[in-house]
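Down below is the structure, laid out as structure tokens.
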Amino acid sequence: MKIYSKEQIYQADKVTIEKEGIPFYNLLERAGGYVYEWMHKRLQGGQVPIKVFCGIGNNGGDGLVIARNLIKNGYNVTTYIVNCSDKRSPGFLKAYDELKNSTKNWPVLLKADTELPEISPKDIVVDAIFGIGLNRCPDDWVKQLFTKITQSGSYILSIDIPSGMYVDQSPTEEDVVIAPTYVLSFQAPKLAFFLPESGQYVTMWEAIDIGLDPEYLATTPTDVELIGKQEIIQLYRSRPEYAHKGMFGHSLIIGGSYGKMGAVILASKAAMRAGSGLVTAYIPQIGVPILQTALPEVMTETDNFNGKVFEEIDFQTEANAIGIGPGMGTDPKTAKAMENFLKGQERPIVIDADAINIIAANPTLMEHVPNLSIFTPHLGELKRLVGEWKDDFEKLEKTAKFAKNHDIVIVIKGAHTITTYDMRLYVNNSGNPGLATAGTGDVLTGVITGMLAQGYHPVEAAMMGVYFHGTAADIAINQYGIESLIASDVTEFLGRAYMDLFAKPEQPPQEA
């Protein structure tokens with residue numbers, strides 16, 4: 001699913017109007033009508049009180065169309081105009097006249113000097129105050145209204161985007177954002193839904209087709225794409241009947257140090273579960289008994305020193321893909337071994353954890369990182385690599401530019417892990433808070449390495465690895481719960497994640 005910029009959505013409106021030969025108001029009427037139909041399908045004429053809050057721009061116009069349709073069809077509706085400026089969009093004015101001409105149930109005007117209405121937990125609130133055009137912090141009395149709506153305990157339906165949220169910047173300390181129960185986003189979700197600073201306000205969303213020109217939407221390239229099951233199905237390669245292990249690559253996992261062999265075990269087993277035909281772990285000698293006892297399927301190689309950390313990285317394995325970093329530590333001897341290792345690499349590798357920290361501490365090592373290598377940092381490691389940022393949008397911009405400048409892939413781990421390459425962002429839509437536990441990053445490294453070993457392009461390997469990793473966690477919490485999920489559980493459910501790819505969807509429960 002493409003995620004369009006604000007400018008692209010405005011252009012989609014313009015193209016639709018030109019192609020269909022209609023005034024802009026018809027689009028507004030269409031969008032509001034589709035939202036009404038969505039609500040009516042679920043309410044079925046029920047007489048729960050509905051309070052529709054409308055701004056004075058086009059989003060407010062959508063709200064007025066929704067209110068008019070609800071009133072005409074017998075619903076218990078009170079409409080409010082949030083009079084936050086003297087300017088009114090033509091779409092709002094037309095929708096306002098249409099509402100006044102169709103009912104005596106006229107809107108209530110809210111201003112800075114009027115008392116804010118009471119909102120009951122038994123109400124349904126439709127938030128149509130501000131849309132994607134918001135570019136400044138609302139007045140204090142409007143922010144008080146936002147707070148009252150959020151704290152009311154009512155069912156809150158935001159139209160297109162929660163009021164107070166910006167499309168292309170994070171909220172500041174001065175901002176107040178309505179936290180809706182549900183968001184109906186026009187045509188596609190917004191990038192802000194998937195970033196920590198703004199996404200915290202969006203718990204559930206749905207993209208609703210409002211009839212924008214399909215040719216424009218299909219042919220317009222976007223810098224951001226939402227990655228879900230349908231996108232992964234298109235990348236997945238099924239295995240032939242007459243297959244053997246040599247056809248699916250040899251993964252080499254380099255890592256481990258005294259007290260941190262578990263990280264290599266997690267990564268190596270995940271590479272196996274991801275489908276790599278062979279897996280070898282290159283580890284310090286002290287880890288051999290541990291690893292071979294824990295993972296009989298995995299082969300081992302070691303350095304020639306009997307220390308607690310790597311002093312060299314010199315292996316005989318002919319690997320199709322290499323993942324380096326889990327549990328490796330940053331000892332000066334290990335850092336030197338890492339430097340020598342990088343100088344001998346020509347094919348893309350997966351770089352995680354302490355391997356990232358070693359490179360961040362010595363940026364000249366980036367000169368030796370092969371093109372299309374995959375970095376998998378958590379936020380702390382990312383800051384060491386690309387520098388500090390002021391908000392989530394700057395984080396994405398700095399990371400994308402760093403990846404572009406060095407021709408690498410970066411996987412930004414988080415609630416919605418984002419993969420970036422060549423200034424494009426791929427937002428993962430699987431996973432849950434259960435992944436916030438030690439070792440899940442090591443599992444991800446193993447999965448991506450296993451995908452790379454099977455011959456997937458590095459960008460594909462990163463996207464698929466992130467998706468299967470998150471899906472395995474989504475399935476696993478049905479057995480273990482979010483709080484009790486541990487990293488090895490994710491590995492155990494990777495097989496189920498593969499099976500889920502082609503499973504028939506279950507019928508959704510009846511919505512209230």
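Chain labels follow the order of the structure tokens: the first chain is A, the next B, and so on; residue numbering restarts at 1 in every chain, and ligands are counted from 1 in their shown order.
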Excluding same-chain residues fewer than 6 positions from stretch 501-504 of chain A, what lies within 10 Å of it counting only C-alpha atoms, as a list in words?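 Skipping anything fewer than 6 positions along the chain leaves Gly228, Lys229, Gln230, Ile232, Ile233, Tyr236, Phe468 and Thr471 of chain A.
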What lies within 9 Å of A:Val466 using only C-alpha atoms, ignoring chain neighbours under 5 positions off, as a PyMOL selection string? chain A and resi 411+413+417-419+428+430-431+444+447-448+461+471
Exercise: stretch 11-13 of chain A partners within 9 Å, only C-alpha atoms, chain neighbours under 5 positions left out, as a ChimeraX atom specification: /A:6,18,24,27,212-213,216-217
Using only C-alpha atoms, find the one residue out of A:His406, A:Lys148, A:Lys398, A:Lys190 that sits nearest to A:Ile374.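 Result for the nearest residue to A:Ile374: A:His406.
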Could you pull out all residues of stretch 86-211 of chain A with a DSSP call of helix (DSSP H, G or I) and give them as JSON, numbers by chain? {"A": [90, 91, 92, 93, 94, 95, 96, 97, 98, 99, 100, 101, 102, 140, 141, 142, 143, 144, 145, 146, 147, 148, 149, 150, 191, 192, 193, 194, 196, 197, 198, 199]}
Residues within 9 Å of A:Ala95, please, as a list in words. Count only C-alpha atoms; anything in the same chain fewer than 5 positions from it doesn't count.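 Neighbouring residues, sequence-local ones excluded: Tyr25, Leu28, Glu29, Gly60, Gly61, Asp62, Gly63, Leu64, Val65, Arg68, Pro90 and Lys100 of chain A.
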With N, CA, C and O atoms retained, could you export that selection as a PDB file, in the first residue's frame?
```
ATOM      1  N   TYR A  25     -16.494  20.531  -4.676  1.00  0.00           N
ATOM      2  CA  TYR A  25     -17.466  20.161  -3.645  1.00  0.00           C
ATOM      3  C   TYR A  25     -17.983  18.738  -3.840  1.00  0.00           C
ATOM      4  O   TYR A  25     -18.316  18.057  -2.865  1.00  0.00           O
ATOM      5  N   LEU A  28     -15.889  16.433  -1.912  1.00  0.00           N
ATOM      6  CA  LEU A  28     -16.169  16.564  -0.486  1.00  0.00           C
ATOM      7  C   LEU A  28     -17.469  15.833  -0.140  1.00  0.00           C
ATOM      8  O   LEU A  28     -17.546  15.104   0.864  1.00  0.00           O
ATOM      9  N   GLU A  29     -18.459  15.991  -0.988  1.00  0.00           N
ATOM     10  CA  GLU A  29     -19.748  15.308  -0.791  1.00  0.00           C
ATOM     11  C   GLU A  29     -19.563  13.789  -0.863  1.00  0.00           C
ATOM     12  O   GLU A  29     -20.154  13.041  -0.076  1.00  0.00           O
ATOM     13  N   GLY A  60     -13.748  20.113   7.905  1.00  0.00           N
ATOM     14  CA  GLY A  60     -15.020  20.488   8.513  1.00  0.00           C
ATOM     15  C   GLY A  60     -16.176  20.315   7.548  1.00  0.00           C
ATOM     16  O   GLY A  60     -17.286  19.917   7.936  1.00  0.00           O
ATOM     17  N   GLY A  61     -15.925  20.603   6.249  1.00  0.00           N
ATOM     18  CA  GLY A  61     -16.956  20.363   5.244  1.00  0.00           C
ATOM     19  C   GLY A  61     -17.335  18.899   5.163  1.00  0.00           C
ATOM     20  O   GLY A  61     -18.520  18.544   5.043  1.00  0.00           O
ATOM     21  N   ASP A  62     -16.340  18.008   5.234  1.00  0.00           N
ATOM     22  CA  ASP A  62     -16.627  16.568   5.290  1.00  0.00           C
ATOM     23  C   ASP A  62     -17.543  16.260   6.471  1.00  0.00           C
ATOM     24  O   ASP A  62     -18.508  15.487   6.356  1.00  0.00           O
ATOM     25  N   GLY A  63     -17.218  16.861   7.619  1.00  0.00           N
ATOM     26  CA  GLY A  63     -18.026  16.624   8.814  1.00  0.00           C
ATOM     27  C   GLY A  63     -19.457  17.092   8.653  1.00  0.00           C
ATOM     28  O   GLY A  63     -20.399  16.421   9.110  1.00  0.00           O
ATOM     29  N   LEU A  64     -19.662  18.223   7.996  1.00  0.00           N
ATOM     30  CA  LEU A  64     -21.015  18.732   7.770  1.00  0.00           C
ATOM     31  C   LEU A  64     -21.804  17.808   6.848  1.00  0.00           C
ATOM     32  O   LEU A  64     -23.011  17.598   7.046  1.00  0.00           O
ATOM     33  N   VAL A  65     -21.141  17.250   5.830  1.00  0.00           N
ATOM     34  CA  VAL A  65     -21.815  16.277   4.948  1.00  0.00           C
ATOM     35  C   VAL A  65     -22.197  15.035   5.743  1.00  0.00           C
ATOM     36  O   VAL A  65     -23.309  14.501   5.592  1.00  0.00           O
ATOM     37  N   ARG A  68     -25.175  15.933   7.957  1.00  0.00           N
ATOM     38  CA  ARG A  68     -26.417  16.069   7.191  1.00  0.00           C
ATOM     39  C   ARG A  68     -27.006  14.702   6.840  1.00  0.00           C
ATOM     40  O   ARG A  68     -28.215  14.472   6.972  1.00  0.00           O
ATOM     41  N   PRO A  90     -14.310  27.340   0.638  1.00  0.00           N
ATOM     42  CA  PRO A  90     -15.526  27.250  -0.173  1.00  0.00           C
ATOM     43  C   PRO A  90     -16.266  25.931   0.051  1.00  0.00           C
ATOM     44  O   PRO A  90     -17.502  25.904   0.059  1.00  0.00           O
ATOM     45  N   LYS A 100     -28.015  23.535   6.309  1.00  0.00           N
ATOM     46  CA  LYS A 100     -29.065  24.455   6.752  1.00  0.00           C
ATOM     47  C   LYS A 100     -30.333  24.323   5.908  1.00  0.00           C
ATOM     48  O   LYS A 100     -31.451  24.478   6.411  1.00  0.00           O
TER      49      LYS A 100
END
```
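The interatomic distance for the pair atom CA of A:Thr376 and atom CA of A:Ala462 works out to 8.9 Å.
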Can you pull out every residue within 9 Å of stretch 496-499 of chain A, counting only C-alpha atoms, but drop anything in the same chain fewer than 5 positions away, and send it as JSON, numbers by chain? {"A": [274, 467, 468, 469, 470, 471, 472, 473, 474, 475, 476]}
Which residue, A:Lys395, A:Asp442, A:Asn340, A:Gly465, has the smallest gap to A:Asp354 when you use only C-alpha atoms?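 Between A:Lys395, A:Asp442, A:Asn340, A:Gly465, the residue approaching A:Asp354 most closely is A:Asp442.
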One decimal place gives the atom CA of A:Ser158-atom CA of A:Asp127 separation as 4.5 Å
Residue among A:Ile66, A:Met272, A:Ala453, A:Met366 lying closest to A:Gly33, counting only C-alpha atoms: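 Ranking A:Ile66, A:Met272, A:Ala453, A:Met366 by distance to A:Gly33, first place goes to A:Ile66.
If you look at atom CA of A:Pro23 and atom CA of A:Thr219, they are 23.5 Å away from each other.
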Give the answer as one residue: which of A:Ile129, A:Val183, A:Val82, A:Met261 has the shortest atom-to-atom distance to A:Leu110, using only C-alpha atoms?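 Answer, going by the shortest atom-to-atom distance: A:Val82.
Closest approach to A:Val176 among A:Thr150, A:Asn101, A:Gln345, A:Thr399: A:Thr150, based on only C-alpha atoms.
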Applying 9 Å and only C-alpha atoms, which residues near A:Asn76 remain after dropping the ones on its own chain fewer than 4 positions away? List them as a PyMOL selection string. chain A and resi 46-51+70-71
Mind listing the strand (DSSP E or B) residues of stretch 175-341 of chain A, per DSSP on the backbone, as a PyMOL selection string? chain A and resi 182-186+205-208+224-227+250-254+278-283+299-302+321-324
Just-selected residues, N, CA, C and O atoms written as a compact mmCIF listing (two decimals), in the first residue's frame:
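Contents of the output file again_8.txt:
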```txt
# COMPACT_ATOMS: atom_id res chain seq x y z
N TYR A 182 -10.83 5.39 16.60
CA TYR A 182 -10.69 4.86 15.24
C TYR A 182 -10.46 6.03 14.29
O TYR A 182 -11.02 7.11 14.49
N VAL A 183 -9.64 5.78 13.27
CA VAL A 183 -9.40 6.80 12.24
C VAL A 183 -9.82 6.23 10.90
O VAL A 183 -9.42 5.13 10.52
N LEU A 184 -10.65 6.98 10.17
CA LEU A 184 -10.95 6.66 8.78
C LEU A 184 -10.10 7.57 7.91
O LEU A 184 -10.39 8.76 7.76
N SER A 185 -9.03 7.02 7.36
CA SER A 185 -8.08 7.81 6.59
C SER A 185 -8.45 7.74 5.11
O SER A 185 -8.64 6.65 4.56
N PHE A 186 -8.55 8.89 4.47
CA PHE A 186 -8.98 8.93 3.08
C PHE A 186 -7.92 8.33 2.16
O PHE A 186 -6.77 8.79 2.11
N TRP A 205 -6.89 2.18 12.69
CA TRP A 205 -7.18 2.99 11.51
C TRP A 205 -7.66 2.10 10.38
O TRP A 205 -7.44 0.89 10.38
N GLU A 206 -8.28 2.74 9.42
CA GLU A 206 -8.73 2.05 8.21
C GLU A 206 -8.65 3.04 7.06
O GLU A 206 -9.03 4.21 7.20
N ALA A 207 -8.14 2.59 5.93
CA ALA A 207 -8.11 3.43 4.74
C ALA A 207 -9.42 3.25 3.98
O ALA A 207 -9.81 2.13 3.67
N ILE A 208 -10.10 4.35 3.72
CA ILE A 208 -11.39 4.30 3.06
C ILE A 208 -11.27 4.94 1.67
O ILE A 208 -10.74 6.04 1.52
N VAL A 224 7.18 6.39 0.25
CA VAL A 224 6.85 5.57 1.42
C VAL A 224 5.85 4.49 1.01
O VAL A 224 4.90 4.76 0.27
N GLU A 225 6.07 3.27 1.49
CA GLU A 225 5.16 2.17 1.21
C GLU A 225 4.92 1.38 2.48
O GLU A 225 5.86 1.13 3.25
N LEU A 226 3.68 1.00 2.71
CA LEU A 226 3.32 0.17 3.85
C LEU A 226 3.43 -1.29 3.43
O LEU A 226 2.84 -1.71 2.44
N ILE A 227 4.20 -2.07 4.20
CA ILE A 227 4.48 -3.46 3.85
C ILE A 227 3.64 -4.39 4.73
O ILE A 227 3.77 -4.41 5.94
N HIS A 250 24.06 -20.72 2.32
CA HIS A 250 24.82 -21.00 3.54
C HIS A 250 24.98 -19.68 4.29
O HIS A 250 25.59 -18.73 3.78
N SER A 251 24.42 -19.59 5.47
CA SER A 251 24.52 -18.39 6.31
C SER A 251 25.67 -18.54 7.29
O SER A 251 25.85 -19.61 7.89
N LEU A 252 26.41 -17.46 7.45
CA LEU A 252 27.47 -17.42 8.45
C LEU A 252 27.14 -16.32 9.45
O LEU A 252 26.98 -15.15 9.08
N ILE A 253 27.01 -16.70 10.72
CA ILE A 253 26.74 -15.74 11.79
C ILE A 253 28.01 -15.54 12.60
O ILE A 253 28.56 -16.49 13.16
N ILE A 254 28.50 -14.31 12.63
CA ILE A 254 29.73 -13.98 13.35
C ILE A 254 29.37 -13.19 14.60
O ILE A 254 28.75 -12.12 14.51
N LEU A 278 22.05 -24.06 5.06
CA LEU A 278 23.14 -24.36 5.99
C LEU A 278 23.42 -23.13 6.82
O LEU A 278 23.28 -22.00 6.34
N VAL A 279 23.85 -23.34 8.06
CA VAL A 279 24.24 -22.23 8.93
C VAL A 279 25.50 -22.62 9.67
O VAL A 279 25.60 -23.71 10.24
N THR A 280 26.47 -21.70 9.65
CA THR A 280 27.69 -21.85 10.45
C THR A 280 27.81 -20.64 11.37
O THR A 280 27.53 -19.51 10.95
N ALA A 281 28.20 -20.89 12.60
CA ALA A 281 28.45 -19.80 13.55
C ALA A 281 29.95 -19.67 13.74
O ALA A 281 30.64 -20.66 14.06
N TYR A 282 30.46 -18.47 13.50
CA TYR A 282 31.88 -18.18 13.75
C TYR A 282 31.97 -17.48 15.10
O TYR A 282 31.46 -16.37 15.27
N ILE A 283 32.61 -18.14 16.08
CA ILE A 283 32.55 -17.71 17.48
C ILE A 283 33.91 -17.84 18.14
O ILE A 283 34.79 -18.56 17.65
N MET A 299 26.75 -25.61 12.34
CA MET A 299 28.18 -25.87 12.40
C MET A 299 28.90 -24.70 13.06
O MET A 299 28.33 -23.61 13.18
N THR A 300 30.14 -24.91 13.48
CA THR A 300 30.90 -23.84 14.13
C THR A 300 32.30 -23.72 13.52
O THR A 300 32.88 -24.70 13.04
N GLU A 301 32.79 -22.50 13.52
CA GLU A 301 34.19 -22.19 13.28
C GLU A 301 34.62 -21.24 14.39
O GLU A 301 33.78 -20.51 14.94
N THR A 302 35.92 -21.21 14.68
CA THR A 302 36.40 -20.34 15.75
C THR A 302 37.65 -19.60 15.30
O THR A 302 38.30 -19.97 14.31
N ALA A 321 25.77 -15.61 2.65
CA ALA A 321 25.38 -14.39 3.37
C ALA A 321 26.03 -14.43 4.75
O ALA A 321 26.14 -15.49 5.37
N ILE A 322 26.44 -13.25 5.23
CA ILE A 322 27.09 -13.14 6.53
C ILE A 322 26.34 -12.13 7.38
O ILE A 322 26.02 -11.03 6.92
N GLY A 323 26.06 -12.51 8.62
CA GLY A 323 25.53 -11.59 9.61
C GLY A 323 26.54 -11.44 10.73
O GLY A 323 27.03 -12.44 11.25
N ILE A 324 26.87 -10.22 11.09
CA ILE A 324 27.91 -9.99 12.08
C ILE A 324 27.46 -9.01 13.16
O ILE A 324 26.77 -8.04 12.86
```
Show which residues sit within 7 Å of A:Lys308, as a ChimeraX atom specification. Count only C-alpha atoms, and ignore same-chain residues fewer than 4 positions away. /A:257-258,284,286
Which is closer to A:Met328 than all the others in A:Ile356, A:Arg42, A:Asn304, A:Pro348, using only C-alpha atoms?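 Counting only C-alpha atoms, the residue closest to A:Met328 is A:Ile356.
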